[in-house]
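Pasting final31.cif here (mmCIF, C-alpha atoms and all ligand atoms):
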```cif
data_work
loop_
_atom_site.label_atom_id
_atom_site.label_comp_id
_atom_site.auth_asym_id
_atom_site.auth_seq_id
_atom_site.Cartn_x
_atom_site.Cartn_y
_atom_site.Cartn_z
CA MET A 22 159.64 126.51 -58.52
CA SER A 23 160.54 126.60 -54.81
CA PRO A 24 164.25 127.03 -54.09
CA ARG A 25 166.47 124.05 -53.35
CA LEU A 26 166.61 123.14 -49.65
CA ARG A 27 169.85 123.61 -47.75
CA HIS A 28 168.58 122.01 -44.52
CA LEU A 29 165.56 119.91 -43.61
CA THR A 30 164.45 120.46 -40.02
CA THR A 31 160.64 120.35 -40.39
CA LEU A 32 157.94 120.13 -43.06
CA ASP A 33 156.23 123.25 -41.64
CA HIS A 34 156.19 126.03 -44.21
CA LEU A 35 157.53 123.71 -46.93
CA PRO A 36 155.48 124.41 -50.06
CA ARG A 37 153.60 121.66 -51.84
CA SER A 38 155.95 121.96 -54.82
CA ALA A 39 159.00 121.18 -52.65
CA ILE A 40 157.33 118.14 -51.08
CA GLU A 41 156.22 116.86 -54.48
CA ARG A 42 159.71 117.41 -55.89
CA LEU A 43 161.21 115.27 -53.10
CA LEU A 44 158.64 112.49 -53.59
CA ASP A 45 159.19 112.49 -57.37
CA SER A 46 162.93 112.40 -56.81
CA ALA A 47 162.57 109.45 -54.40
CA GLU A 48 160.65 107.53 -57.06
CA HIS A 49 163.20 108.43 -59.67
CA LEU A 50 166.04 107.23 -57.43
CA ARG A 51 164.18 104.00 -56.71
CA ASP A 52 163.99 103.32 -60.43
CA ALA A 53 167.63 104.36 -60.92
CA CYS A 54 168.93 101.81 -58.45
CA ALA A 55 166.84 98.76 -59.21
CA HIS A 56 166.11 96.82 -56.00
CA GLY A 57 167.86 99.56 -54.07
CA THR A 58 171.26 97.98 -54.36
CA ARG A 59 172.98 99.69 -57.27
CA LYS A 60 175.29 102.43 -56.18
CA LEU A 61 175.22 105.91 -57.69
CA ASP A 62 178.06 108.41 -57.41
CA VAL A 63 176.28 111.78 -57.29
CA LEU A 64 177.57 112.46 -53.76
CA ALA A 65 181.08 111.08 -54.24
CA GLY A 66 183.53 113.06 -52.12
CA ARG A 67 180.84 114.30 -49.73
CA THR A 68 180.88 113.37 -46.04
CA VAL A 69 177.78 112.81 -43.94
CA LEU A 70 177.73 112.33 -40.18
CA THR A 71 174.89 110.81 -38.17
CA MET A 72 174.48 111.68 -34.49
CA PHE A 73 171.62 109.89 -32.75
CA PHE A 74 170.99 110.84 -29.13
CA GLU A 75 167.89 108.60 -29.11
CA PRO A 76 167.62 104.96 -30.19
CA SER A 77 166.90 104.13 -33.82
CA THR A 78 166.85 101.11 -36.11
CA ARG A 79 165.08 102.24 -39.27
CA THR A 80 165.91 105.92 -39.50
CA ARG A 81 169.62 105.71 -38.83
CA THR A 82 170.24 102.64 -40.97
CA SER A 83 168.26 104.02 -43.88
CA PHE A 84 170.02 107.40 -43.74
CA GLU A 85 173.36 105.59 -43.77
CA LEU A 86 172.35 103.33 -46.66
CA ALA A 87 170.91 106.31 -48.53
CA ALA A 88 174.16 108.27 -48.22
CA ARG A 89 176.29 105.27 -49.22
CA ARG A 90 174.09 104.44 -52.19
CA LEU A 91 174.65 107.98 -53.45
CA GLY A 92 178.40 107.53 -53.08
CA ALA A 93 178.95 109.68 -49.95
CA ASP A 94 181.22 108.74 -47.05
CA VAL A 95 179.39 108.19 -43.77
CA VAL A 96 180.52 108.47 -40.16
CA ASN A 97 178.24 107.44 -37.30
CA LEU A 98 179.04 109.20 -34.04
CA ASP A 99 178.42 106.82 -31.15
CA ILE A 100 176.95 109.17 -28.55
CA GLU A 101 177.49 106.72 -25.69
CA LEU A 102 181.22 106.58 -26.44
CA SER A 103 181.55 110.27 -27.29
CA SER A 104 182.57 113.30 -25.24
CA VAL A 105 178.87 114.09 -24.84
CA ARG A 106 179.13 111.65 -21.93
CA LYS A 107 181.96 113.77 -20.49
CA GLY A 108 179.64 116.76 -20.38
CA GLU A 109 180.48 118.43 -23.68
CA GLU A 110 177.74 120.83 -24.76
CA LEU A 111 175.99 120.43 -28.10
CA VAL A 112 177.45 123.68 -29.45
CA ASP A 113 181.00 122.47 -28.76
CA THR A 114 180.37 119.01 -30.19
CA LEU A 115 178.93 120.68 -33.29
CA HIS A 116 181.85 123.05 -33.81
CA THR A 117 184.35 120.24 -33.20
CA LEU A 118 182.72 118.06 -35.84
CA GLU A 119 182.42 120.96 -38.26
CA ALA A 120 186.16 121.55 -37.96
CA MET A 121 186.59 118.13 -39.60
CA HIS A 122 184.81 119.38 -42.74
CA LEU A 123 181.47 117.67 -42.93
CA ASP A 124 178.88 118.32 -45.62
CA ALA A 125 175.82 117.18 -43.70
CA ILE A 126 174.84 116.27 -40.15
CA ILE A 127 171.83 114.08 -39.52
CA VAL A 128 170.64 114.51 -35.95
CA ARG A 129 168.09 112.84 -33.67
CA HIS A 130 167.60 114.30 -30.20
CA ALA A 131 165.04 114.15 -27.40
CA GLN A 132 164.91 117.95 -27.14
CA PRO A 133 162.46 119.61 -29.57
CA GLY A 134 164.18 122.26 -31.68
CA THR A 135 167.67 120.70 -31.61
CA ALA A 136 168.08 120.55 -35.39
CA GLU A 137 166.95 124.17 -35.78
CA ALA A 138 169.35 125.21 -33.01
CA MET A 139 172.19 123.49 -34.88
CA VAL A 140 171.34 125.38 -38.08
CA ARG A 141 171.67 128.61 -36.08
CA LEU A 142 174.86 127.57 -34.28
CA ALA A 143 176.72 126.08 -37.24
CA MET A 144 179.79 128.02 -38.35
CA SER A 145 180.49 126.17 -41.62
CA GLY A 146 178.17 125.55 -44.52
CA VAL A 147 177.12 122.18 -43.10
CA SER A 148 173.56 121.03 -43.94
CA VAL A 149 171.47 119.86 -41.01
CA ILE A 150 168.82 117.17 -41.43
CA ASN A 151 166.41 116.42 -38.59
CA ALA A 152 165.92 112.70 -37.92
CA GLY A 153 163.47 113.40 -35.09
CA ASP A 154 163.53 116.00 -32.29
CA GLY A 155 161.43 114.98 -29.30
CA GLU A 156 157.75 115.16 -30.12
CA HIS A 157 158.26 118.05 -32.54
CA ALA A 158 159.21 116.96 -36.07
CA HIS A 159 160.39 114.00 -38.17
CA PRO A 160 160.29 115.36 -41.71
CA THR A 161 161.66 112.34 -43.60
CA GLN A 162 159.06 110.11 -41.91
CA GLY A 163 156.30 112.45 -43.11
CA LEU A 164 157.72 112.26 -46.63
CA LEU A 165 158.08 108.49 -46.68
CA ASP A 166 154.55 108.01 -45.36
CA ALA A 167 153.18 110.37 -48.03
CA LEU A 168 155.15 108.47 -50.69
CA THR A 169 153.82 105.11 -49.49
CA ILE A 170 150.23 106.36 -49.62
CA ARG A 171 150.75 108.07 -53.01
CA GLN A 172 151.95 104.82 -54.60
CA HIS A 173 148.60 103.20 -53.82
CA ARG A 174 146.18 106.14 -53.69
CA PRO A 175 147.52 108.92 -55.97
CA ASP A 176 144.44 111.19 -55.65
CA PHE A 177 144.93 112.88 -52.28
CA SER A 178 141.94 115.20 -52.66
CA ARG A 179 139.45 112.45 -51.81
CA LEU A 180 141.58 110.53 -49.34
CA LYS A 181 140.42 109.69 -45.82
CA VAL A 182 143.16 108.99 -43.30
CA ALA A 183 143.02 108.00 -39.62
CA ILE A 184 145.99 108.39 -37.26
CA CYS A 185 145.56 106.45 -34.04
CA GLY A 186 147.62 106.11 -30.88
CA ASP A 187 149.85 108.31 -28.78
CA ILE A 188 149.49 111.38 -30.98
CA LYS A 189 150.41 113.87 -28.28
CA HIS A 190 153.98 112.58 -28.04
CA SER A 191 154.39 111.72 -31.71
CA ARG A 192 156.66 113.64 -34.05
CA VAL A 193 155.50 111.15 -36.72
CA ALA A 194 151.87 112.25 -36.34
CA ARG A 195 152.93 115.89 -36.64
CA ALA A 196 155.06 115.19 -39.71
CA ASP A 197 152.36 113.10 -41.38
CA LEU A 198 149.70 115.72 -40.72
CA ARG A 199 151.88 118.41 -42.20
CA ALA A 200 152.80 116.37 -45.28
CA LEU A 201 149.29 115.13 -45.97
CA THR A 202 147.49 118.45 -45.46
CA THR A 203 150.05 120.26 -47.64
CA LEU A 204 149.45 117.65 -50.35
CA GLY A 205 145.71 118.29 -50.24
CA VAL A 206 144.24 115.61 -47.93
CA GLN A 207 141.10 117.06 -46.37
CA ASP A 208 139.75 114.25 -44.20
CA ILE A 209 142.20 113.40 -41.42
CA ARG A 210 140.91 111.88 -38.19
CA LEU A 211 142.96 111.72 -35.02
CA CYS A 212 142.04 109.05 -32.51
CA ALA A 213 143.59 108.60 -29.07
CA PRO A 214 142.69 108.34 -25.41
CA PRO A 215 141.91 111.89 -24.19
CA ALA A 216 145.28 112.12 -22.39
CA MET A 217 147.12 111.37 -25.66
CA LEU A 218 145.34 113.82 -27.94
CA PRO A 219 147.20 117.03 -28.84
CA PRO A 220 145.62 120.38 -27.90
CA ALA A 221 142.53 120.82 -30.12
CA ASP A 222 143.89 124.03 -31.65
CA GLU A 223 147.16 122.44 -32.78
CA PHE A 224 145.55 120.80 -35.82
CA PRO A 225 142.40 122.76 -36.54
CA ASP A 226 141.95 120.93 -39.86
CA ALA A 227 141.87 117.44 -38.33
CA GLN A 228 138.92 115.86 -36.54
CA GLN A 229 139.57 114.47 -33.07
CA LEU A 230 137.68 111.31 -32.14
CA ALA A 231 137.83 109.20 -29.00
CA ASP A 232 136.07 106.20 -30.54
CA PHE A 233 138.31 104.17 -32.85
CA ASP A 234 135.43 102.35 -34.59
CA GLN A 235 134.06 105.74 -35.58
CA ALA A 236 137.47 107.11 -36.61
CA ILE A 237 138.39 104.18 -38.85
CA ALA A 238 135.01 103.92 -40.62
CA GLY A 239 135.60 104.19 -44.38
CA VAL A 240 139.22 105.38 -44.26
CA ASP A 241 141.70 104.63 -47.08
CA ALA A 242 144.75 104.54 -44.80
CA VAL A 243 145.22 104.04 -41.08
CA ILE A 244 148.47 105.05 -39.42
CA MET A 245 149.04 103.39 -36.04
CA LEU A 246 151.41 104.83 -33.44
CA ARG A 247 153.35 103.35 -30.55
CA LEU A 248 152.83 104.43 -26.92
CA GLN A 249 155.95 106.53 -26.47
CA LYS A 250 156.71 105.58 -22.90
CA GLU A 251 159.96 107.53 -22.94
CA ARG A 252 157.95 110.75 -23.18
CA MET A 253 155.36 109.81 -20.51
CA GLN A 254 155.22 109.66 -16.74
CA ALA A 255 154.98 106.09 -15.43
CA THR A 256 151.55 106.98 -14.02
CA ASP A 257 150.21 107.95 -17.47
CA LEU A 258 150.80 104.48 -18.90
CA PRO A 259 147.59 102.67 -19.76
CA ASP A 260 147.09 98.97 -19.07
CA PRO A 261 148.19 97.25 -22.31
CA SER A 262 145.24 94.90 -22.70
CA ALA A 263 142.66 97.58 -21.89
CA TYR A 264 144.44 99.87 -24.39
CA PHE A 265 144.37 97.20 -27.11
CA GLN A 266 140.63 96.66 -26.54
CA ARG A 267 139.84 100.32 -27.21
CA TYR A 268 142.62 101.54 -29.48
CA GLY A 269 144.25 98.45 -30.97
CA LEU A 270 143.98 97.67 -34.68
CA ASP A 271 142.59 94.15 -35.02
CA PRO A 272 140.90 92.41 -37.99
CA ARG A 273 137.39 93.37 -36.80
CA ARG A 274 138.25 97.07 -36.73
CA LEU A 275 140.17 96.96 -39.99
CA ALA A 276 137.02 95.56 -41.64
CA LEU A 277 135.27 98.88 -40.82
CA ALA A 278 137.73 100.80 -43.03
CA ALA A 279 137.44 101.14 -46.82
CA LYS A 280 138.21 98.02 -48.84
CA GLY A 281 141.98 97.54 -49.16
CA CYS A 282 142.72 100.23 -46.54
CA LEU A 283 146.48 100.70 -46.21
CA VAL A 284 147.78 99.68 -42.79
CA MET A 285 150.77 101.79 -41.76
CA HIS A 286 153.02 102.15 -38.75
CA PRO A 287 156.37 103.97 -38.53
CA GLY A 288 157.78 101.23 -36.31
CA PRO A 289 158.85 99.93 -33.93
CA ILE A 290 155.54 98.07 -33.56
CA ASN A 291 154.33 96.64 -30.29
CA ARG A 292 152.31 93.57 -31.18
CA GLY A 293 149.14 93.12 -29.17
CA ILE A 294 149.30 96.67 -27.78
CA GLU A 295 148.52 99.00 -30.68
CA ILE A 296 148.34 96.43 -33.49
CA ALA A 297 147.43 92.73 -33.76
CA SER A 298 149.97 90.44 -35.39
CA GLU A 299 147.39 89.26 -37.97
CA VAL A 300 147.05 92.87 -39.14
CA ALA A 301 150.74 93.84 -38.95
CA ASP A 302 151.66 90.76 -40.97
CA GLY A 303 148.49 90.72 -43.08
CA PRO A 304 147.96 91.47 -46.77
CA GLN A 305 146.98 95.11 -46.19
CA SER A 306 150.10 95.93 -44.18
CA ARG A 307 152.40 98.50 -45.83
CA ILE A 308 154.76 98.64 -42.87
CA LEU A 309 157.77 97.14 -44.62
CA GLU A 310 157.05 99.16 -47.77
CA GLN A 311 157.34 102.27 -45.57
CA VAL A 312 160.77 101.04 -44.51
CA SER A 313 161.89 100.50 -48.12
CA ASN A 314 160.58 103.92 -49.12
CA GLY A 315 162.51 105.42 -46.23
CA VAL A 316 165.79 104.73 -48.01
CA PHE A 317 164.63 106.38 -51.26
CA VAL A 318 163.15 109.40 -49.52
CA ARG A 319 166.38 109.91 -47.58
CA MET A 320 168.38 109.57 -50.79
CA ALA A 321 166.17 112.26 -52.30
CA VAL A 322 166.69 114.58 -49.32
CA LEU A 323 170.47 114.09 -49.25
CA ASN A 324 170.65 114.58 -52.98
CA GLU A 325 168.63 117.80 -52.73
CA VAL A 326 170.69 119.36 -49.95
CA LEU A 327 174.12 118.13 -51.09
CA ALA A 328 174.21 117.78 -54.87
CA ARG A 329 176.62 120.22 -56.47
C1 LIG B 401 159.45 106.75 -34.82
C2 LIG B 401 160.28 107.79 -34.13
O1 LIG B 401 161.39 107.56 -33.69
O2 LIG B 401 159.74 108.89 -34.05
N1 LIG B 401 160.16 105.73 -35.41
C3 LIG B 401 160.76 105.95 -36.62
O3 LIG B 401 161.47 106.90 -36.82
N2 LIG B 401 160.47 105.07 -37.59
C4 LIG B 401 158.27 106.32 -34.06
C5 LIG B 401 158.44 105.73 -32.69
O4 LIG B 401 159.51 105.70 -32.13
O5 LIG B 401 157.42 105.27 -32.16
#
```

Mind turning the file's structure into structure tokens?
Amino acid sequence: MSPRLRHLTTLDHLPRSAIERLLDSAEHLRDACAHGTRKLDVLAGRTVLTMFFEPSTRTRTSFELAARRLGADVVNLDIELSSVRKGEELVDTLHTLEAMHLDAIIVRHAQPGTAEAMVRLAMSGVSVINAGDGEHAHPTQGLLDALTIRQHRPDFSRLKVAICGDIKHSRVARADLRALTTLGVQDIRLCAPPAMLPPADEFPDAQQLADFDQAIAGVDAVIMLRLQKERMQATDLPDPSAYFQRYGLDPRRLALAAKGCLVMHPGPINRGIEIASEVADGPQSRILEQVSNGVFVRMAVLNEVLAR
């Protein structure tokens, strides 16, 4: 059995057994708190701090709910109102917060590698959990997407998955690729305009396709991604209606996928740009299931790194 995790900064190098343990634990926790509302006390007396340097609705709220539902105390540092705005460096903010005796810090930052840097800089035994660092990693998103697919399509060895959109700037795409390939998925297709594809050697196991009709043909799950304007130059931005024509998921394209293909998106969605409303709100959409699973996966991760 792989050793218990102390931090979670990326899914790279995480063995299959560790990923499966976290997914099993998320399912167990979901059953233990029926409807997600019953509170457990396994993390009573533990303190968790969230620090989000980039906007978030789903990730931050679900981490906070996850910690509370396990009985931990939670503090959310408001970056805009913090001394970060007075020029305090990350290392000093980190050591200041550590001096208040925290058990875990959940961090989102625009700079790739921030969570790993915090693991290196930390002076106490604080656990660091990455909630997204630039375009690099978003491990809990990879886990919750794998869990959502597993609930519907448990045999990953024959699964076909397409990931479409702004892959180059997407930590979600990287996390999903890592999770799914580690769990044995062999057919993963990446589809994006040429300027939004990652370097071909970054994911040698995935096929890169420019034509979405071709990429989606026969897939069991399609993961759509937002255009991450915050990581692009204004000049790189495609015209929204032309983009939707070529790379948007509409009912005609979805009909090319396998019957009952799971429609996924990490959110926030941009209706009419990467996904049509009929599809986002349609019967094959798993988007809100992903959100629900996010709470259980984050409970599993907190429980793994913090349980005594
Ligand atoms: C994503 C993120 O922040 O990386 N959202 C999320 O965590 N659910 C995707 C995005 O912002 O497009």

For a test of reading the model, state the distance in Å between atom CA of A:Ile308 and atom CA of A:Val284, rounded to one decimal.
7.1 Å

Report as a list in words all protein, DNA and RNA residues lying within 8 Å of A:Leu204, evaluated on all atoms listed in the file, omitting residues in the same chain fewer than 4 positions from it.
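Skipping anything fewer than 4 positions along the chain leaves Arg37, Ile40, Glu41, Phe177 and Ala200 of chain A.
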
Please list as a PyMOL selection string every residue within 12 Å of A:Ser145, counting only C-alpha atoms and excluding residues in the same chain fewer than 5 positions away.
chain A and resi 115-126+139-140

Distance atom CA of A:Thr256-atom CA of A:Phe224, one decimal place?
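Going from atom CA of A:Thr256 over to atom CA of A:Phe224, I get 26.5 Å.
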
Considering all atoms listed in the file, state which residue in the set A:Arg267, A:Lys181, A:Arg106, A:His159 is at the smallest distance from ligand LIG 401 (chain B).
A:His159

Quote the spacing between atom CA of A:Phe317 and atom CA of A:Leu198 in Å to one decimal place.
20.5 Å
